[in-house]
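Q: Below is the structure I would like to discuss, written out as C-alpha cells.
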Amino acid sequence: MRKKERQALRRAFAAPPAQRKAAFLQQLPAPTLTSRQFVLGQTAYIRKGTWLASVGLFAVAWCVAVWLKQDVVWLISALFPFVAVTAVIEGARADMHGMTELEMAARFSHKSVLLARMTIVGALHVVLLCLLSPLCWLHGSATMLHTGAYLLAPYLLTTVLGLHTTRKLHGKEAGYVCLVEAALVSVGNLLFRVVFSTLFLPLYADRWLLLCVLLAGLTAYEYRKQIDQTEELVWN
C-alpha cells in the first residue's frame, strides 16, 4: 500500500475529537471503599483452618485452666507459639502457593492485603490473650500485667522467628520450618520454666515486660522488612 493511500485511510477512519469528556467522566459513579470496609472484606479470604486453629487452641487452653484450677500460665503459654504460627502462615500463604504475582496484579496492592490479613488475625489473638490472662491470673501468683507478659513472650518470639523464616524461605518449606520453630519454642518454654524457675519470681517480673517490649520491636521490624520485600517484588 502506498503512502498516500495509508494517509487517506487514516483520515477516513480517524476518530473524532472527544467532546465533553471531562463532564462525562464526572457523571460516572465512582465506587468508594473505606479502610474499614476493605479490612472487613479481607476477612472472607482468610482460611477457615486459621480461625479453627486459633479458636481451637484457645478452647483447649481455657479447658485446662478451668479444669486444673491452679497456676497453669506455663502450660497455656506453651500453646501460644502454635497460635502465633497460624498468623505467620496466613500472611505468607500467597508465597507458599506461588500466588504472589497474581495477588500483586489484583485490584488492591499486595502490601495492603498482607497488612489487612495480619491485622485481622492479630486482633483475634489479642482478644484471646485478653480473655485468657484473667483466668491465668486468678489461679496464679503474678499480677495481671505480668501474667500477660508471660503469655505474650513465647507468642512474640514465635512470630519473630516465623516472619524471618518466611522472608528467607519460599514455598511450602517455609510453613514446615515455622511449625518446627513453634514446637521448639513451646518445648523450650516449658524446659526454661523447669531449669530457670528462679527467673519467674516476682523479683524478675519487670524484666519479662522489658523482654516483651523488645520482642514487639523485633516483630514490628520483621513486619516492615516483609512489606519492603513486597515493594521490591512490585518494582521488579
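The chains in the C-alpha cells are called A, B, ... from first to last as shown; in each chain the residues are counted from 1, and the ligands are counted from 1 in the order shown.
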Skip segment 51-67 of chain A itself and residues of its chain fewer than 4 positions away, then list as a VMD selection string all residues within 10 Å of it, counting only C-alpha atoms.
A: chain A and resid 46 to 47 71 to 73 75 to 80 82 to 87 121 124 to 125 128 to 129 131 to 132 135 to 136 138 to 139
Q: With a distance cut-off of 12 Å and only C-alpha atoms, select the neighbouring residues of Gln37 of chain A, excluding the residue or stretch itself and same-chain residues fewer than 6 positions from it, and output the selection as an mmCIF file with N, CA and C atoms, in the first residue's frame.
A:
data_model
loop_
_atom_site.group_PDB
_atom_site.id
_atom_site.type_symbol
_atom_site.label_atom_id
_atom_site.label_comp_id
_atom_site.auth_asym_id
_atom_site.auth_seq_id
_atom_site.Cartn_x
_atom_site.Cartn_y
_atom_site.Cartn_z
ATOM 1 N N THR A 43 -11.616 -10.386 55.525
ATOM 2 C CA THR A 43 -11.923 -11.455 56.488
ATOM 3 C C THR A 43 -12.402 -12.717 55.770
ATOM 4 N N ALA A 44 -13.150 -12.534 54.704
ATOM 5 C CA ALA A 44 -13.696 -13.692 53.983
ATOM 6 C C ALA A 44 -12.615 -14.493 53.267
ATOM 7 N N ALA A 116 -3.781 -6.078 55.948
ATOM 8 C CA ALA A 116 -5.156 -6.274 56.401
ATOM 9 C C ALA A 116 -5.340 -7.654 57.035
#
Q: Using only C-alpha atoms, which of A:Thr119, A:Leu28, A:Met96, A:Arg20 sits nearest Gln42 of chain A?
A: A:Thr119
Q: Quick one: residues within 8 Å of segment 162-175 of chain A, only C-alpha atoms, excluding same-chain residues fewer than 5 positions away - as a list of chain:residue names?
A: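 My list of contacting residues is A:Val85, A:Val88, A:Ile89, A:Ala92, A:Asp95, A:Met96, A:His97, A:Gly98, A:Glu181, A:Thr219, A:Glu222, A:Tyr223, A:Gln226, A:Gln229.
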Q: Please dump the current selection as a short mmCIF file (atom, residue, chain, number, x, y, z; two decimals), in the first residue's frame; keep all heavy atoms.
A:
data_model
loop_
_atom_site.label_atom_id
_atom_site.label_comp_id
_atom_site.auth_asym_id
_atom_site.auth_seq_id
_atom_site.Cartn_x
_atom_site.Cartn_y
_atom_site.Cartn_z
N VAL A 85 1.90 -19.09 65.09
CA VAL A 85 2.31 -19.58 63.77
C VAL A 85 1.16 -19.56 62.77
O VAL A 85 1.39 -19.48 61.56
CB VAL A 85 2.91 -21.00 63.90
CG1 VAL A 85 1.83 -22.06 64.00
CG2 VAL A 85 3.83 -21.31 62.73
N VAL A 88 1.43 -16.20 61.11
CA VAL A 88 2.59 -16.11 60.21
C VAL A 88 2.31 -16.86 58.91
O VAL A 88 2.57 -16.34 57.81
CB VAL A 88 3.83 -16.69 60.91
CG1 VAL A 88 5.00 -16.74 59.94
CG2 VAL A 88 4.19 -15.85 62.13
N ILE A 89 1.77 -18.06 59.02
CA ILE A 89 1.49 -18.86 57.82
C ILE A 89 0.40 -18.21 56.97
O ILE A 89 0.47 -18.23 55.74
CB ILE A 89 1.11 -20.29 58.22
CG1 ILE A 89 2.32 -21.01 58.82
CG2 ILE A 89 0.58 -21.08 57.02
CD1 ILE A 89 2.04 -22.42 59.30
N ALA A 92 1.92 -15.50 54.90
CA ALA A 92 2.80 -15.97 53.83
C ALA A 92 2.10 -16.98 52.91
O ALA A 92 2.76 -17.64 52.12
CB ALA A 92 4.05 -16.61 54.44
N ASP A 95 2.71 -16.65 49.05
CA ASP A 95 4.06 -17.04 48.63
C ASP A 95 4.22 -18.55 48.68
O ASP A 95 4.87 -19.14 47.81
CB ASP A 95 5.09 -16.36 49.53
CG ASP A 95 6.51 -16.69 49.13
OD1 ASP A 95 6.95 -16.23 48.06
OD2 ASP A 95 7.18 -17.45 49.87
N MET A 96 3.64 -19.18 49.69
CA MET A 96 3.78 -20.64 49.83
C MET A 96 3.13 -21.39 48.67
O MET A 96 3.58 -22.46 48.27
CB MET A 96 3.16 -21.10 51.15
CG MET A 96 3.92 -20.66 52.38
SD MET A 96 3.13 -21.21 53.89
CE MET A 96 4.18 -20.44 55.13
N HIS A 97 2.08 -20.81 48.10
CA HIS A 97 1.36 -21.46 47.00
C HIS A 97 1.69 -20.87 45.64
O HIS A 97 1.02 -21.15 44.64
CB HIS A 97 -0.14 -21.39 47.25
CG HIS A 97 -0.60 -22.16 48.46
ND1 HIS A 97 -0.81 -23.52 48.44
CD2 HIS A 97 -0.84 -21.76 49.73
CE1 HIS A 97 -1.20 -23.93 49.64
NE2 HIS A 97 -1.21 -22.88 50.44
N GLY A 98 2.72 -20.01 45.59
CA GLY A 98 3.13 -19.43 44.32
C GLY A 98 2.12 -18.49 43.70
O GLY A 98 2.04 -18.39 42.47
N GLU A 181 9.66 -24.41 64.36
CA GLU A 181 10.07 -23.34 65.27
C GLU A 181 9.06 -23.15 66.39
O GLU A 181 9.44 -22.95 67.56
CB GLU A 181 10.24 -22.04 64.49
CG GLU A 181 11.44 -22.04 63.55
CD GLU A 181 11.47 -20.82 62.66
OE1 GLU A 181 10.44 -20.11 62.58
OE2 GLU A 181 12.53 -20.57 62.04
N THR A 219 9.30 -7.74 66.22
CA THR A 219 8.16 -8.14 65.39
C THR A 219 7.80 -7.04 64.40
O THR A 219 7.58 -7.30 63.21
CB THR A 219 6.95 -8.45 66.27
OG1 THR A 219 7.28 -9.51 67.19
CG2 THR A 219 5.76 -8.89 65.43
N GLU A 222 10.40 -6.99 61.65
CA GLU A 222 10.23 -8.06 60.67
C GLU A 222 9.02 -7.80 59.77
O GLU A 222 9.06 -8.11 58.57
CB GLU A 222 10.08 -9.41 61.38
CG GLU A 222 11.36 -9.92 62.02
CD GLU A 222 12.42 -10.26 60.99
OE1 GLU A 222 12.06 -10.53 59.82
OE2 GLU A 222 13.61 -10.26 61.34
N TYR A 223 7.95 -7.26 60.34
CA TYR A 223 6.80 -6.88 59.52
C TYR A 223 7.22 -5.85 58.47
O TYR A 223 6.83 -5.94 57.30
CB TYR A 223 5.68 -6.30 60.39
CG TYR A 223 4.71 -7.32 60.92
CD1 TYR A 223 4.42 -7.40 62.28
CD2 TYR A 223 4.06 -8.21 60.07
CE1 TYR A 223 3.54 -8.34 62.77
CE2 TYR A 223 3.17 -9.14 60.55
CZ TYR A 223 2.92 -9.21 61.91
OH TYR A 223 2.04 -10.14 62.39
N GLN A 226 9.14 -7.40 55.71
CA GLN A 226 8.27 -8.13 54.78
C GLN A 226 7.59 -7.17 53.82
O GLN A 226 7.47 -7.46 52.63
CB GLN A 226 7.22 -8.92 55.57
CG GLN A 226 7.71 -10.24 56.10
CD GLN A 226 6.73 -11.37 55.84
OE1 GLN A 226 5.61 -11.15 55.41
NE2 GLN A 226 7.16 -12.59 56.10
N GLN A 229 10.06 -6.07 51.28
CA GLN A 229 10.30 -7.13 50.31
C GLN A 229 9.18 -7.19 49.28
O GLN A 229 9.41 -7.42 48.08
CB GLN A 229 10.43 -8.47 51.03
CG GLN A 229 10.90 -9.62 50.15
CD GLN A 229 11.09 -10.89 50.94
OE1 GLN A 229 10.14 -11.45 51.50
NE2 GLN A 229 12.32 -11.37 51.02
#
Q: Got a sec: who's within 10 Å of Leu115 of chain A, counting only C-alpha atoms, leaving out chain neighbours fewer than 4 positions off, as number ranges by chain?
A: A: 39, 91, 110-111, 119-120, 223, 227
Q: Write out as a count of residues only all residues of segment 81-199 of chain A that backbone DSSP assigns to helix (DSSP H, G or I).
A: 101
Q: Name the residues in contact with segment 189-201 of chain A at a cut-off of 9 Å, using only C-alpha atoms, excluding same-chain residues fewer than 4 positions from it; report them as a list in words.
A: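 Close residues of segment 189-201 of chain A: Trp74, Leu75, Ser77, Ala78, Ala142, Tyr150, Pro154, Leu184, Val185, Ala205 and Trp208 of chain A.
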Q: Which is closer to Leu215 of chain A than all the others in A:Ala23, A:Ala14, A:Leu156, A:Leu9, using only C-alpha atoms?
A: A:Leu156
Q: What does the distance between atom CA of Ala182 of chain A and atom CA of Tyr155 of chain A come to in Å, to one decimal place?
A: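 Distance between the two atoms: 8.8 Å.
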